[in-house]
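Asks: What follows is final.txt, compact mmCIF, C-alpha atoms.
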```txt
# COMPACT_ATOMS: atom_id res chain seq x y z
CA MET A 1 31.73 53.87 -40.31
CA THR A 2 34.66 52.33 -38.42
CA GLY A 3 32.65 51.96 -35.21
CA ARG A 4 29.82 50.19 -37.01
CA SER A 5 32.23 47.82 -38.76
CA THR A 6 34.00 46.97 -35.48
CA THR A 7 30.73 46.25 -33.70
CA ARG A 8 29.47 43.88 -36.41
CA THR A 9 32.80 42.04 -36.55
CA ALA A 10 32.64 41.39 -32.81
CA SER A 11 29.10 40.08 -33.19
CA ARG A 12 30.14 37.64 -35.90
CA GLY A 13 33.07 36.52 -33.80
CA GLY A 14 30.73 35.78 -30.87
CA GLY A 15 28.44 33.70 -33.11
CA ALA A 16 31.27 31.76 -34.73
CA ASN A 17 32.72 30.66 -31.39
CA PRO A 18 29.79 29.69 -29.19
CA GLY A 19 32.00 27.69 -26.78
CA PRO A 20 31.42 24.15 -25.47
CA ALA A 21 27.97 22.59 -25.84
CA GLY A 22 25.82 23.54 -22.86
CA SER A 23 26.82 25.39 -19.71
CA ARG A 24 29.16 23.92 -17.13
CA THR A 25 26.25 23.69 -14.69
CA GLY A 26 24.20 21.83 -17.29
CA GLN A 27 27.05 19.43 -18.00
CA ARG A 28 27.53 18.73 -14.31
CA LEU A 29 23.81 18.12 -13.81
CA SER A 30 23.82 15.86 -16.85
CA SER A 31 26.67 13.78 -15.43
CA LEU A 32 24.95 13.64 -12.05
CA ALA A 33 21.71 12.48 -13.65
CA VAL A 34 23.51 9.67 -15.51
CA ALA A 35 25.37 8.57 -12.37
CA LEU A 36 22.21 8.62 -10.26
CA GLY A 37 20.28 6.85 -13.00
CA LEU A 38 22.87 4.08 -13.20
CA ALA A 39 22.77 3.63 -9.43
CA LEU A 40 18.97 3.39 -9.41
CA PHE A 41 18.79 1.17 -12.50
CA LEU A 42 21.42 -1.32 -11.35
CA GLY A 43 20.28 -1.15 -7.74
CA GLY A 44 16.71 -1.95 -8.74
CA PHE A 45 17.81 -4.91 -10.85
CA VAL A 46 20.06 -6.30 -8.11
CA TRP A 47 17.38 -5.84 -5.45
CA GLY A 48 14.79 -7.52 -7.65
CA ALA A 49 17.12 -10.44 -8.42
CA LEU A 50 17.81 -10.98 -4.73
CA VAL A 51 14.18 -10.75 -3.62
CA TYR A 52 12.22 -12.29 -6.51
CA VAL A 53 12.28 -15.49 -8.50
CA PRO A 54 10.27 -16.12 -11.71
CA TYR A 55 8.05 -19.15 -12.21
CA THR A 56 5.92 -20.46 -15.04
CA VAL A 57 2.59 -21.89 -13.88
CA PRO A 58 1.98 -25.08 -15.92
CA THR A 59 -1.69 -25.77 -15.08
CA PRO A 60 -4.95 -23.79 -14.84
CA SER A 61 -5.54 -24.79 -11.20
CA MET A 62 -5.18 -21.15 -10.08
CA ALA A 63 -7.46 -19.69 -12.76
CA PRO A 64 -8.75 -17.06 -13.12
CA THR A 65 -6.12 -15.47 -10.86
CA ILE A 66 -3.24 -17.16 -12.72
CA GLY A 67 -3.70 -19.01 -16.01
CA ALA A 68 -1.82 -21.95 -17.45
CA GLY A 69 1.47 -20.79 -18.93
CA ASP A 70 1.47 -17.46 -17.08
CA ARG A 71 4.78 -16.11 -15.80
CA VAL A 72 4.76 -14.89 -12.21
CA LEU A 73 7.22 -13.14 -9.92
CA ALA A 74 7.35 -14.60 -6.42
CA GLN A 75 9.05 -13.03 -3.44
CA ARG A 76 11.42 -15.27 -1.53
CA VAL A 77 9.95 -15.62 1.96
CA ASP A 78 10.37 -17.77 5.01
CA GLY A 79 7.54 -20.26 5.44
CA GLY A 80 6.93 -18.90 8.92
CA ASP A 81 5.90 -15.54 7.42
CA VAL A 82 3.10 -16.99 5.25
CA ARG A 83 -0.44 -15.91 6.13
CA ARG A 84 -3.96 -16.79 5.07
CA GLY A 85 -4.82 -15.70 1.53
CA ASP A 86 -1.24 -15.79 0.25
CA VAL A 87 -0.56 -17.47 -3.09
CA VAL A 88 2.59 -19.47 -2.49
CA VAL A 89 5.09 -21.59 -4.40
CA PHE A 90 6.05 -24.76 -2.55
CA GLU A 91 7.69 -28.07 -3.26
CA ASP A 92 6.60 -31.28 -1.57
CA ASP A 93 7.56 -34.74 -2.83
CA ASN A 94 4.15 -36.06 -1.81
CA TRP A 95 2.49 -33.61 -4.21
CA ALA A 96 4.83 -33.39 -7.21
CA ASP A 97 8.49 -33.28 -8.15
CA VAL A 98 8.17 -29.68 -9.34
CA PRO A 99 7.19 -26.39 -7.62
CA VAL A 100 3.43 -26.08 -7.08
CA VAL A 101 1.40 -22.84 -6.85
CA LYS A 102 -1.66 -22.73 -4.56
CA ARG A 103 -3.50 -20.36 -2.21
CA VAL A 104 -3.13 -20.70 1.56
CA VAL A 105 -6.63 -20.70 3.09
CA ALA A 106 -5.81 -21.89 6.60
CA VAL A 107 -2.79 -22.19 8.88
CA GLY A 108 -1.85 -24.43 11.79
CA GLY A 109 -4.55 -24.59 14.44
CA ASP A 110 -7.34 -23.40 12.12
CA THR A 111 -10.46 -25.35 11.26
CA VAL A 112 -11.45 -25.16 7.59
CA SER A 113 -14.37 -26.44 5.53
CA THR A 114 -16.85 -25.64 2.80
CA GLY A 115 -20.55 -26.26 3.15
CA GLN A 116 -22.90 -27.46 0.43
CA ASP A 117 -23.16 -23.85 -0.74
CA GLY A 118 -19.42 -23.96 -1.54
CA ARG A 119 -18.57 -21.08 0.79
CA LEU A 120 -15.18 -21.37 2.47
CA LYS A 121 -15.23 -21.21 6.27
CA VAL A 122 -12.17 -20.71 8.46
CA ASN A 123 -12.63 -21.02 12.22
CA GLY A 124 -16.37 -20.87 11.62
CA THR A 125 -16.16 -17.56 9.72
CA GLU A 126 -17.32 -17.41 6.11
CA ILE A 127 -14.62 -15.97 3.85
CA ASP A 128 -15.39 -13.73 0.87
CA GLU A 129 -13.40 -14.90 -2.17
CA PRO A 130 -13.88 -12.42 -5.03
CA TYR A 131 -10.96 -13.97 -6.93
CA LEU A 132 -13.04 -17.08 -7.68
CA SER A 133 -15.01 -17.35 -10.90
CA GLU A 134 -18.77 -17.42 -10.51
CA ASP A 135 -18.91 -21.16 -11.21
CA GLU A 136 -16.29 -21.96 -8.57
CA ALA A 137 -18.32 -20.33 -5.78
CA THR A 138 -21.47 -22.40 -6.22
CA GLY A 139 -20.75 -25.45 -4.11
CA LEU A 140 -18.29 -27.47 -6.19
CA ASN A 141 -15.79 -29.69 -4.39
CA ALA A 142 -17.30 -29.25 -0.92
CA PHE A 143 -15.40 -30.89 1.96
CA PRO A 144 -16.07 -31.44 5.68
CA GLU A 145 -14.38 -29.53 8.48
CA VAL A 146 -10.77 -30.45 9.19
CA THR A 147 -8.20 -29.11 11.64
CA VAL A 148 -4.84 -27.98 10.28
CA PRO A 149 -1.90 -29.36 12.29
CA LYS A 150 0.51 -26.88 13.87
CA GLY A 151 3.32 -25.70 11.59
CA ARG A 152 1.40 -26.63 8.46
CA LEU A 153 -0.73 -24.95 5.77
CA PHE A 154 -3.99 -25.90 4.06
CA LEU A 155 -3.96 -24.96 0.36
CA LEU A 156 -6.56 -24.72 -2.39
CA GLY A 157 -6.46 -23.79 -6.05
CA ASP A 158 -8.67 -20.94 -7.18
CA GLU A 159 -10.19 -23.28 -9.75
CA ARG A 160 -11.73 -25.45 -7.05
CA SER A 161 -13.37 -28.02 -9.33
CA GLY A 162 -10.19 -29.10 -11.11
CA SER A 163 -7.37 -28.38 -8.69
CA LEU A 164 -5.33 -31.13 -7.05
CA ASP A 165 -4.95 -29.49 -3.67
CA SER A 166 -5.34 -30.23 0.03
CA THR A 167 -8.90 -31.45 -0.48
CA SER A 168 -7.63 -34.39 -2.54
CA ARG A 169 -5.41 -35.50 0.35
CA LEU A 170 -7.75 -35.25 3.32
CA THR A 171 -7.09 -38.89 4.24
CA ASP A 172 -3.38 -38.18 4.82
CA THR A 173 -2.14 -38.12 8.40
CA ALA A 174 -1.66 -34.34 8.07
CA ASN A 175 -5.19 -33.78 6.67
CA GLY A 176 -3.85 -32.76 3.28
CA SER A 177 -1.73 -29.94 4.67
CA VAL A 178 1.81 -28.93 3.72
CA SER A 179 4.68 -28.00 6.00
CA ARG A 180 5.51 -24.30 6.20
CA GLU A 181 9.12 -25.28 5.47
CA ALA A 182 8.09 -26.46 2.00
CA VAL A 183 7.24 -22.89 0.95
CA GLU A 184 9.80 -21.29 -1.36
CA ALA A 185 8.17 -17.99 -2.26
CA ARG A 186 4.99 -15.90 -2.26
CA VAL A 187 3.55 -14.74 -5.60
CA ASP A 188 3.35 -10.97 -5.93
CA ALA A 189 2.47 -10.41 -9.57
CA VAL A 190 1.67 -11.93 -12.94
CA VAL A 191 4.19 -10.45 -15.37
CA TRP A 192 3.20 -12.32 -18.54
CA PRO A 193 0.60 -11.53 -19.59
CA MET A 194 1.07 -8.22 -17.77
CA ASP A 195 -1.80 -8.55 -15.30
CA GLY A 196 0.19 -6.83 -12.57
CA MET A 197 0.09 -7.22 -8.80
CA LEU A 198 -2.24 -9.79 -7.28
CA LYS A 199 -5.17 -8.24 -5.43
CA ALA A 200 -5.09 -8.39 -1.65
CA PRO A 201 -7.22 -11.29 -0.31
CA THR A 202 -9.22 -8.98 1.93
CA GLY A 203 -11.78 -11.64 2.82
CA PHE A 204 -9.24 -13.24 5.17
CA GLU A 205 -8.97 -10.07 7.27
CA LYS A 206 -11.92 -11.43 9.25
CA VAL A 207 -9.69 -14.15 10.75
CA GLY A 208 -6.28 -12.48 10.92
CA ASP A 209 -3.77 -10.06 9.47
CA LEU A 210 -2.75 -10.21 5.81
CA SER A 211 0.80 -10.27 4.47
CA ALA A 212 2.24 -6.91 3.50
CA PRO A 213 2.79 -6.38 -0.25
CA GLY A 214 6.28 -7.06 -1.54
CA PRO A 215 8.68 -4.36 -2.78
CA LEU A 216 8.03 -4.99 -6.49
CA PRO A 217 6.43 -1.55 -7.16
CA THR A 218 9.45 0.17 -5.59
CA VAL A 219 11.84 -2.00 -7.61
CA LEU A 220 10.03 -1.07 -10.83
CA VAL A 221 10.09 2.65 -9.95
CA MET A 222 13.84 2.44 -9.35
CA VAL A 223 14.51 0.65 -12.66
CA LEU A 224 12.24 2.88 -14.76
CA GLY A 225 13.29 6.08 -13.00
CA GLY A 226 16.96 5.15 -13.46
CA ALA A 227 16.41 4.51 -17.16
CA VAL A 228 14.75 7.92 -17.59
CA LEU A 229 17.62 9.70 -15.81
CA ILE A 230 20.24 7.87 -17.88
CA LEU A 231 18.53 8.70 -21.18
CA GLY A 232 17.82 12.28 -20.14
CA GLY A 233 21.37 12.91 -18.92
CA ALA A 234 22.92 11.30 -21.98
CA ALA A 235 20.71 13.36 -24.30
CA TYR A 236 21.74 16.68 -22.75
CA GLY A 237 25.07 16.98 -24.60
CA PRO A 238 23.74 16.39 -28.15
CA LEU A 239 20.72 18.60 -27.50
CA ALA A 240 22.87 21.40 -26.09
CA GLN A 241 25.24 21.13 -29.07
CA ARG A 242 22.35 21.39 -31.51
CA ALA A 243 20.94 24.36 -29.63
CA GLY A 244 24.35 26.10 -29.67
CA ALA A 245 24.77 25.48 -33.40
CA PHE A 246 21.28 26.86 -34.03
CA ARG A 247 22.01 30.01 -32.02
CA ALA A 248 25.30 30.45 -33.90
CA ARG A 249 23.56 30.20 -37.28
CA ARG A 250 20.96 32.75 -36.21
CA ALA A 251 23.69 35.10 -34.99
CA ASP A 252 25.61 34.76 -38.26
CA ALA A 253 22.45 35.32 -40.28
CA GLY A 254 21.69 38.44 -38.26
CA ALA A 255 25.21 39.73 -38.74
CA ARG A 256 25.08 39.20 -42.51
CA ALA A 257 21.73 40.94 -42.67
CA GLY A 258 23.26 43.90 -40.81
CA ASP A 259 26.20 44.08 -43.24
CA ALA A 260 23.85 43.99 -46.18
CA GLY A 261 21.93 46.87 -44.65
```
Mind converting the file's structure to structure tokens?

Replies:
Amino acid sequence: MTGRSTTRTASRGGGANPGPAGSRTGQRLSSLAVALGLALFLGGFVWGALVYVPYTVPTPSMAPTIGAGDRVLAQRVDGGDVRRGDVVVFEDDNWADVPVVKRVVAVGGDTVSTGQDGRLKVNGTEIDEPYLSEDEATGLNAFPEVTVPKGRLFLLGDERSGSLDSTSRLTDTANGSVSREAVEARVDAVVWPMDGMLKAPTGFEKVGDLSAPGPLPTVLVMVLGGAVLILGGAAYGPLAQRAGAFRARRADAGARAGDAG
């Protein structure tokens, strides 16, 4: 009788004092997860703020790739790093007093033209442009061959029929081109609406290398991964406390059932 009573009392004592919520190892891992999450989250935001700048595109001249009113993220780049096919943000007083978004189709030293069929040719090579709408690839806004001066860029809108681009300035001394130094950034993604990363302009691979994608996917992984670690680490304590309380109630219920027996 005495032995049974002593054993049950010890069991109830163990259930009534379950100790701190979660194990020490769990608490340490939880703290580590929160610290690592904060580092990733803040690091991703800082990196993104240093590398990217947001713009609102006011006109439909880049449709269907970018619509009027769309918000884009553009990577800060040096104009010397711009390559054919890039969608760039530039500012030139001869064009407008605000940043302008267009696609680079030729660089200094290139010859560029469209025939009556509307197909873009760079250095005599026909370029595939899947980003154009079907109507834009049927010969609208054709222009004769011009040579792009060194250190400059020839730019077109993806909506060729309504875009004020290099073709509307062919009589300028620079053949409608823009200085590389005028480029402020290269568009990586449309973030509102959430269309995502721009597709690589693979048609220009026939005449040269393309620009490498920016670090935006890595930045997003850091921010989202950090947020998950922060929430997961912060949730460990309350969850462990609830689990400990549940185990204690079960132990007490088992002990009372034993006494009743």

Asks: Which residue gives the smallest distance to A:Ile127 among A:Ile230, A:Val112, A:Leu170, A:Val89, with all atoms listed in the file counted?

Replies: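 So, comparing all the options, the nearest one is A:Val112.
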
Asks: Just want the 12 Å neighbourhood of stretch 129-136 of chain A, counted on only C-alpha atoms, with same-chain residues fewer than 6 positions away dropped. Output as a PyMOL selection string.

Replies: chain A and resi 61-66+85+87+103+105+114+117-121+142+156-163+198-205

Asks: Show me the residues around (-3.3, -23.2, 6.1) - criterion: an atom at most 9 Å away, all atoms listed in the file counted - as a list in words.

Replies: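 Here is the list of nearby residues: Val82, Arg83, Arg84, Gly85, Arg103, Val104, Val105, Ala106, Val107, Gly108, Gly109, Asp110, Val112, Val148, Pro149, Gly151, Arg152, Leu153, Phe154, Leu155, Ser177, Val178 and Arg180 of chain A.
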
Asks: Pick out the closest residue to A:Ala182 from this set: A:Leu224, A:Val88, A:Val219, A:Ala74. Count all atoms listed in the file.

Replies: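 Checking each candidate against A:Ala182, we get A:Val88 as the closest.
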
Asks: Suppose you want the space between atom CA of A:Arg186 and atom CA of A:Val77; what is it in Å?

Replies: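 Atom CA of A:Val77 lies 6.5 Å from atom CA of A:Arg186.
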
Asks: Which of these residues is nearest to A:Pro99, using all atoms listed in the file: A:Val183, A:Leu38, A:Ala174, A:Ala68?

Replies: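 With all atoms listed in the file as the atom set, the closest residue is A:Val183.
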
Asks: Rank nothing, just name the residue among A:Gly225, A:Gly176, A:Gly115, A:Pro215 nearest to A:Asp188, using all atoms listed in the file.

Replies: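 Of A:Gly225, A:Gly176, A:Gly115, A:Pro215, the one nearest A:Asp188 is A:Pro215, counting all atoms listed in the file.
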
Asks: Calculated over all atoms listed in the file, which of the candidates A:Val98, A:Leu231, A:Ala35, A:Val146 has the smallest distance to A:Arg169?

Replies: A:Val146

Asks: Any idea what the distance is between atom CA of A:Met197 and atom CA of A:Thr59?

Replies: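 Atom CA of A:Thr59 lies 19.7 Å from atom CA of A:Met197.
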
Asks: Could you tell me which of A:Asn123, A:Asn175, A:Thr218, A:Thr56 comes closest to A:Val191 if we count only C-alpha atoms?

Replies: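 For A:Val191, the nearest of the given residues is A:Thr56.
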
Asks: For A:Trp192, list every protein, DNA or RNA residue within 8 Å, evaluated using only C-alpha atoms, and leave out those in the same chain fewer than 6 positions away; present the list as number ranges by chain.

Replies: A: 70-72

Asks: Quick check, in Å to one decimal: how far apart do atom CA of A:Ser30 and atom CA of A:Gly43 lie?

Replies: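 Value for the atom CA of A:Ser30-atom CA of A:Gly43 distance: 19.6 Å.
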